[in-house]
Number of protein chains: 4
Amino acid sequence: MPQTISDNDSVVLTDEKGNKFIILIENKIQKIKGLGVYNPGDLIGKSYYEEITIGNRKFTVVEPSISDKIEAMERKAQIILPKDGMFILYHCNIKSGDKVIEAGIGSGALTILIANFIQPKGKVISYDKRDDHIKVAKKNLIRAGLSEFVEIKNGDVTAKIQEKDADSVIFDIPNPEDAIKSGYSALKLGGYLAVYTPTINQFERAVREMRNYGFGEIKTLETIQREMVVGPRGVRPSFNTLGHTGYITFDRRLI
Amino acid sequence: MPQTISDNDSVVLTDEKGNKFIILIENKIQKIKGLGVYNPGDLIGKSYYEEITIGNRKFTVVEPSISDKIEAMERKAQIILPKDGMFILYHCNIKSGDKVIEAGIGSGALTILIANFIQPKGKVISYDKRDDHIKVAKKNLIRAGLSEFVEIKNGDVTAKIQEKDADSVIFDIPNPEDAIKSGYSALKLGGYLAVYTPTINQFERAVREMRNYGFGEIKTLETIQREMVVGPRGVRPSFNTLGHTGYITFDRRLI
Amino acid sequence: MPQTISDNDSVVLTDEKGNKFIILIENKIQKIKGLGVYNPGDLIGKSYYEEITIGNRKFTVVEPSISDKIEAMERKAQIILPKDGMFILYHCNIKSGDKVIEAGIGSGALTILIANFIQPKGKVISYDKRDDHIKVAKKNLIRAGLSEFVEIKNGDVTAKIQEKDADSVIFDIPNPEDAIKSGYSALKLGGYLAVYTPTINQFERAVREMRNYGFGEIKTLETIQREMVVGPRGVRPSFNTLGHTGYITFDRRLI
Amino acid sequence: MPQTISDNDSVVLTDEKGNKFIILIENKIQKIKGLGVYNPGDLIGKSYYEEITIGNRKFTVVEPSISDKIEAMERKAQIILPKDGMFILYHCNIKSGDKVIEAGIGSGALTILIANFIQPKGKVISYDKRDDHIKVAKKNLIRAGLSEFVEIKNGDVTAKIQEKDADSVIFDIPNPEDAIKSGYSALKLGGYLAVYTPTINQFERAVREMRNYGFGEIKTLETIQREMVVGPRGVRPSFNTLGHTGYITFDRRLI
């Protein structure tokens, strides 16, 4: 039986055309982009998966999936897409309960993805040097209902990472080669380092630096994803392919 | 500080050449492929990440990552690789605590991957029609230290799925179109259906059947992954590319 | 020493921003899209690779490459890109002097490509059922300076192909399976058949039909092309990837 | 009507299993790999596309396509595959009658491809520093029936290219950046330069050097090709994908 909607829930409103709005339930009149002026608190007590009306538009309220949460994000910087983020999770062996350090937070897309998988007892510690990034990321984390699992710090990981014994350290910064040493010392024995880089030269420098620290088996991956369309004239790949995003490089601290 | 090795741990022995052996710690002399006759119980009480000697070979004992667990699997059937499995996790919104139904179990690769992410309170219920598959999958699950999160049933999901209110239902069977109806009725409202198929015709039939059930936004993806090599003459993609594996198709039960 | 520009030459005007205009030299005032009202005949007698001025804009006049000719085409229908067309050439063993039959002509992109390689003694015979396609294709062929190597016919290749002993027959029609038989009988012994199809179902039907005619080794290819960018922060694949175009299927008449 | 086989023809013998042997017709008993001791002169006067018997094996003799010629090559070095070579042809605007300079010749795969398209009046001038490469390439060119269109020189293109006014210059050497200047001066105005490189660093250095010479629009491409299989259970991409080969970079001499 479906739950009822409560204060502080993060919910998705979908209409028949597939439009999606992710909103945070709070008793406060606000302007919601695409929906107009509305008080989400009006939904408290209603049932998920039942039809509701806002203005003269009809919506179904559903619990947001991790995919909904990321699609609904406000984007200030280029985000790490789940296409790449899911392999950071896999190759860093991230699981419920982990302590993960990342830098920079950007708009918080990878942060949301990791927070989703380390909850309820794990923690993401996110560094960024820019207050405007931190502000957007915080807003996105709150709307995704995951902010309690994330601690954000304004700081430069190439200079210093305060934490020790992290399960994983993940860098999405322009110069990851300058942070390998501090990343290494923040990791527990057996912990994982991942580096996300748009260009080849960036991961090349990072890999050459990683090799100085006697890490494990260093590996760089590129992931390409295509959507397939089942159309009236048959099946084919989508005409709109996602272009390049980035490369992910992994290592494990074994010594 | 590193833990000590205990009875029933699943551990990885790695040598300097990067060879990996995943073994289950139990006090019993056994023949281990590539290692010879050995009693893993001899390792109880030793520390992880220290060097040990077996015969005249030196190894480091490390905690296995999910990637180690899947690489070390015994494979009887074609497995669902993490390249594809991680997107089943993502698009089915699988998380700690979920109840997931899958069929068939094959060698258990996807089972291990899902069990890793739904633990400690979630459950995977795996159906398969073949006892030889079930036997191999059980062995792989035990060695991966994840068998307690999986219930295996010999049964045909195209005929009937006993469970109700599953968070996700995942099919890797030759004729998924015949199981869409029973998959649908095993799902909770808001639950996810995923279909893995090697051929295009298989997912085409599945998609056309899904459309009869008023599911949500149906989507089919193909994922291609390339390893990049940082070599003496520069950086390039690997000469050995992974060929085709399969397509994954998703849907959500919204009505 | 560079040639001088003559009547009936097909030339490319390029400006410093990389804009390209392909025009046919004829002594006639005309409206040229992007250039305004101009008489290309004014260029007769000037040298290639020297700077000329039109209005207050400066251009260099260069001889058009096959790539310029195809990029400058007017497009009414979806064209076969050189990415795919070059492999039709290769696998159909098309060379100077060949007689090639194609249907439909569309906007003439493949026609231009083939005409470029079969000249000066070869011939392309192009069938299409639509006069609007034929009209656009003719215009594009004239502008590309290749119309003398092409004969265009309004006709339906699924009903009949008049020619015999063709070196190659190439189909880009919605139902190639219906034209395999007539394609086969238009080919010389040792000749090649190629089928271009946007969807998988189309080439599947064509392949199953080809197998009935005792052709040679049937092969279907998909070609994916990515541009690499050497940018200020390093090298990476382009963010704008070309999406799906089509599959090409080949066969050779051996009996 | 099929031709008869003549002295000096290059022919392909195919058996029912799809095995292919490319041989040069000459009246001389020789040992042919996979066929045994045989005098190809015995085939003179027989018809193409008729069945012949060698020992107790049955073959059909067919005219070799450019694809047959390249597949049948003896390979000493890594060859440039037609997958890449066809785009060198396209982007260098190579056509019947062209003068093309290439270095190094390697096993002659690209040489064969270009010779096929510049014949009968064009010329390929191939430089290589190694006599063992030249020896294998010569043998492959003779067997492909294309040696008369190729002139081979032992020389180092980074030091000097003797020719002037080439239509295209193509480099497949470890250090193309060192040959850009001499390549540039060997080109006619409007001519094309192409560089084939396995690694990213190699083309990055070449591109940065090209930019010093005021060339045209520099472009680097990677081509990925997949075979599709129409099998009993449906259509899918091949499980055996061709891995990385190389990148091709183009430019045009406009000043």
# chains A, B, ... in the order shown; residues from 1 in each chain; ligands from 1

$ interface_residues --of "chain A" --to "chain D" --cutoff "12 Å" --atoms "only C-alpha atoms" --output "PyMOL selection string"
chain A and resi 199-201+204+235-236

$ residues_around --residues "region 2-11 of chain C" --least-positions-apart "2" --cutoff "9 Å" --atoms "only C-alpha atoms" --output "list in words"
Leu13, Phe21, Ile22, Ile23, Leu24, Ile25, Glu26, Asn27, Gly41, Leu43, Ile44, Gly45, Lys46, Ser47, Tyr48, Tyr49, Val61, Val62, Glu63, Pro64, Lys69, Ile142, Arg143, Ala144 and Gly145 of chain C; Lys188, Leu189 and Gly190 of chain D

$ write_last_selection --atoms "C-alpha atoms" --output "compact mmCIF listing (two decimals), in the first residue's frame"
# COMPACT_ATOMS: atom_id res chain seq x y z
CA LEU C 13 35.00 30.35 -51.66
CA PHE C 21 30.45 28.51 -50.36
CA ILE C 22 30.52 26.13 -53.26
CA ILE C 23 29.44 27.73 -56.53
CA LEU C 24 29.34 26.89 -60.19
CA ILE C 25 31.14 29.36 -62.45
CA GLU C 26 28.64 30.64 -65.04
CA ASN C 27 28.22 34.11 -66.46
CA GLY C 41 31.37 34.77 -64.05
CA LEU C 43 35.85 35.09 -61.30
CA ILE C 44 36.72 33.72 -64.75
CA GLY C 45 40.40 34.22 -65.46
CA LYS C 46 41.42 34.82 -61.85
CA SER C 47 43.85 32.44 -60.13
CA TYR C 48 42.94 29.77 -57.63
CA TYR C 49 44.36 30.32 -54.12
CA VAL C 61 38.94 30.56 -54.18
CA VAL C 62 39.98 26.90 -53.92
CA GLU C 63 39.24 23.82 -55.94
CA PRO C 64 36.56 21.87 -54.11
CA LYS C 69 31.21 19.04 -52.51
CA ILE C 142 25.73 20.05 -61.40
CA ARG C 143 27.17 22.19 -58.62
CA ALA C 144 29.62 19.37 -57.77
CA GLY C 145 30.74 19.24 -61.42
CA LYS D 188 51.21 21.56 -54.30
CA LEU D 189 49.04 24.51 -53.29
CA GLY D 190 45.68 22.99 -52.39

$ residues_around --residues "Asp131 (chain D)" --least-positions-apart "2" --cutoff "12 Å" --atoms "only C-alpha atoms" --output "PDB file with C-alpha atoms, in the first residue's frame"
ATOM      1  CA  LYS D  76      55.263  -7.764 -41.114  1.00  0.00           C
ATOM      2  CA  GLY D 104      56.700   4.579 -44.215  1.00  0.00           C
ATOM      3  CA  ILE D 105      55.491   1.848 -46.478  1.00  0.00           C
ATOM      4  CA  GLY D 106      55.298  -0.803 -43.722  1.00  0.00           C
ATOM      5  CA  SER D 107      53.773  -3.930 -45.274  1.00  0.00           C
ATOM      6  CA  TYR D 127      59.458   6.095 -48.559  1.00  0.00           C
ATOM      7  CA  ASP D 128      60.706   3.727 -45.876  1.00  0.00           C
ATOM      8  CA  LYS D 129      63.934   3.500 -43.903  1.00  0.00           C
ATOM      9  CA  HIS D 133      59.630  -3.469 -44.891  1.00  0.00           C
ATOM     10  CA  ILE D 134      60.318  -2.572 -48.515  1.00  0.00           C
ATOM     11  CA  LYS D 135      60.884  -6.225 -49.433  1.00  0.00           C
ATOM     12  CA  VAL D 136      57.561  -7.388 -47.945  1.00  0.00           C
ATOM     13  CA  ALA D 137      55.651  -4.430 -49.377  1.00  0.00           C
ATOM     14  CA  LYS D 138      57.020  -5.099 -52.876  1.00  0.00           C
ATOM     15  CA  ILE D 152      59.475   2.768 -53.525  1.00  0.00           C
ATOM     16  CA  LYS D 153      62.407   4.703 -52.102  1.00  0.00           C
ATOM     17  CA  ASN D 154      64.642   3.958 -49.141  1.00  0.00           C
ATOM     18  CA  GLY D 155      64.792   7.300 -47.386  1.00  0.00           C
TER      19      GLY D 155
END

$ residues_around --residues "Ile224 (chain C)" --least-positions-apart "6" --cutoff "10 Å" --atoms "only C-alpha atoms" --output "list of chain:residue names"
C:Lys83, C:Asp84, C:Thr241, C:Leu242, C:Gly243, C:His244, C:Thr245, C:Gly246, D:Glu222, D:Thr223, D:Ile224, D:Gln225, D:Arg226

$ select_by_dssp --residues "region 99-197 of chain C" --states "strand (DSSP E or B)" --output "number ranges by chain"
C: 99-103, 123-128, 150-154, 166-171, 187-197

$ write_last_selection --atoms "C-alpha atoms" --output "short mmCIF file (atom, residue, chain, number, x, y, z; two decimals), in the first residue's frame"
data_model
loop_
_atom_site.label_atom_id
_atom_site.label_comp_id
_atom_site.auth_asym_id
_atom_site.auth_seq_id
_atom_site.Cartn_x
_atom_site.Cartn_y
_atom_site.Cartn_z
CA LYS C 99 29.04 0.89 -63.88
CA VAL C 100 27.09 1.35 -60.65
CA ILE C 101 23.32 1.28 -60.16
CA GLU C 102 21.77 2.97 -57.13
CA ALA C 103 18.30 3.63 -55.76
CA LYS C 123 28.75 5.63 -65.00
CA VAL C 124 26.25 5.84 -62.15
CA ILE C 125 22.65 4.98 -63.01
CA SER C 126 20.36 6.35 -60.28
CA TYR C 127 16.73 5.40 -59.80
CA ASP C 128 14.23 7.31 -57.69
CA VAL C 150 25.33 10.16 -63.74
CA GLU C 151 22.15 9.07 -65.50
CA ILE C 152 18.99 9.57 -63.46
CA LYS C 153 15.81 7.54 -64.02
CA ASN C 154 12.40 7.84 -62.45
CA ALA C 166 26.45 -3.81 -63.40
CA ASP C 167 29.63 -3.82 -61.33
CA SER C 168 27.61 -2.86 -58.25
CA VAL C 169 24.02 -2.30 -57.20
CA ILE C 170 23.33 -0.17 -54.11
CA PHE C 171 19.97 0.28 -52.39
CA LEU C 187 24.66 -7.62 -61.49
CA LYS C 188 27.47 -9.14 -63.51
CA LEU C 189 29.01 -12.32 -62.14
CA GLY C 190 31.42 -11.17 -59.44
CA GLY C 191 29.47 -7.92 -58.94
CA TYR C 192 28.54 -6.46 -55.56
CA LEU C 193 25.29 -5.65 -53.81
CA ALA C 194 25.09 -3.13 -50.95
CA VAL C 195 22.12 -2.15 -48.82
CA TYR C 196 22.01 0.94 -46.59
CA THR C 197 19.36 0.90 -43.84
#

$ residues_around --residues "Gly216 (chain A)" --least-positions-apart "2" --cutoff "6 Å" --atoms "only C-alpha atoms" --output "CSV table (one decimal) with C-alpha atoms, in the first residue's frame"
chain,number,residue,atom,x,y,z
A,251,ASP,CA,43.9,2.8,-8.2
A,252,ARG,CA,44.0,1.1,-4.8
A,254,LEU,CA,48.0,-1.4,-1.2

$ residues_around --residues "region 114-120 of chain C" --least-positions-apart "2" --cutoff "7 Å" --atoms "only C-alpha atoms" --output "MDAnalysis selection string"
(chainID C and resid 95:98 110:112 122:124 146 149:150) or (chainID D and resid 95)

$ write_last_selection --atoms "N, CA and C atoms" --output "PDB file, in the first residue's frame"
ATOM      1  N   LYS C  95      35.625   1.335 -58.472  1.00  0.00           N
ATOM      2  CA  LYS C  95      36.869   1.953 -58.951  1.00  0.00           C
ATOM      3  C   LYS C  95      36.593   2.685 -60.262  1.00  0.00           C
ATOM      4  N   SER C  96      37.560   3.443 -60.696  1.00  0.00           N
ATOM      5  CA  SER C  96      37.469   4.201 -61.951  1.00  0.00           C
ATOM      6  C   SER C  96      37.004   3.283 -63.086  1.00  0.00           C
ATOM      7  N   GLY C  97      35.940   3.670 -63.784  1.00  0.00           N
ATOM      8  CA  GLY C  97      35.454   2.882 -64.918  1.00  0.00           C
ATOM      9  C   GLY C  97      34.236   2.022 -64.632  1.00  0.00           C
ATOM     10  N   ASP C  98      33.841   1.909 -63.364  1.00  0.00           N
ATOM     11  CA  ASP C  98      32.733   1.020 -62.997  1.00  0.00           C
ATOM     12  C   ASP C  98      31.365   1.530 -63.447  1.00  0.00           C
ATOM     13  N   LEU C 110      25.384  10.101 -52.006  1.00  0.00           N
ATOM     14  CA  LEU C 110      26.137   8.900 -52.386  1.00  0.00           C
ATOM     15  C   LEU C 110      26.449   8.935 -53.879  1.00  0.00           C
ATOM     16  N   THR C 111      25.532   9.477 -54.648  1.00  0.00           N
ATOM     17  CA  THR C 111      25.735   9.615 -56.095  1.00  0.00           C
ATOM     18  C   THR C 111      26.992  10.431 -56.380  1.00  0.00           C
ATOM     19  N   ILE C 112      27.131  11.549 -55.695  1.00  0.00           N
ATOM     20  CA  ILE C 112      28.315  12.408 -55.858  1.00  0.00           C
ATOM     21  C   ILE C 112      29.579  11.651 -55.464  1.00  0.00           C
ATOM     22  N   GLY C 122      33.544   5.738 -65.992  1.00  0.00           N
ATOM     23  CA  GLY C 122      32.460   4.970 -65.387  1.00  0.00           C
ATOM     24  C   GLY C 122      31.125   5.698 -65.465  1.00  0.00           C
ATOM     25  N   LYS C 123      30.098   5.060 -64.926  1.00  0.00           N
ATOM     26  CA  LYS C 123      28.747   5.627 -64.997  1.00  0.00           C
ATOM     27  C   LYS C 123      27.957   5.219 -63.752  1.00  0.00           C
ATOM     28  N   VAL C 124      27.212   6.162 -63.205  1.00  0.00           N
ATOM     29  CA  VAL C 124      26.254   5.842 -62.146  1.00  0.00           C
ATOM     30  C   VAL C 124      24.858   5.944 -62.749  1.00  0.00           C
ATOM     31  N   LEU C 146      29.814  16.986 -61.412  1.00  0.00           N
ATOM     32  CA  LEU C 146      29.882  15.544 -61.666  1.00  0.00           C
ATOM     33  C   LEU C 146      28.674  14.995 -62.415  1.00  0.00           C
ATOM     34  N   PHE C 149      28.593  12.168 -65.260  1.00  0.00           N
ATOM     35  CA  PHE C 149      28.869  10.759 -64.993  1.00  0.00           C
ATOM     36  C   PHE C 149      27.650  10.024 -64.426  1.00  0.00           C
ATOM     37  N   VAL C 150      26.513  10.720 -64.392  1.00  0.00           N
ATOM     38  CA  VAL C 150      25.331  10.156 -63.742  1.00  0.00           C
ATOM     39  C   VAL C 150      24.128  10.213 -64.688  1.00  0.00           C
TER      40      VAL C 150
ATOM     41  N   LYS D  95      42.131  10.729 -55.871  1.00  0.00           N
ATOM     42  CA  LYS D  95      41.315  10.256 -56.999  1.00  0.00           C
ATOM     43  C   LYS D  95      42.233   9.770 -58.109  1.00  0.00           C
TER      44      LYS D  95
END

$ select_by_dssp --residues "region 2-170 of chain A" --states "alpha helix (DSSP H)" --output "JSON, numbers by chain"
{"A": [66, 67, 68, 69, 70, 71, 82, 83, 84, 85, 86, 87, 88, 89, 90, 91, 109, 110, 111, 112, 113, 114, 115, 116, 117, 118, 131, 132, 133, 134, 135, 136, 137, 138, 139, 140, 141, 142, 143]}

$ atom_distance --atom1 "CA of Ser182 (chain C)" --atom2 "CA of Asp165 (chain C)"
12.1 Å

$ atom_distance --atom1 "CA of Glu209 (chain D)" --atom2 "CA of Asn175 (chain A)"
25.1 Å

$ atom_distance --atom1 "CA of Glu163 (chain C)" --atom2 "CA of Thr14 (chain D)"
28.2 Å
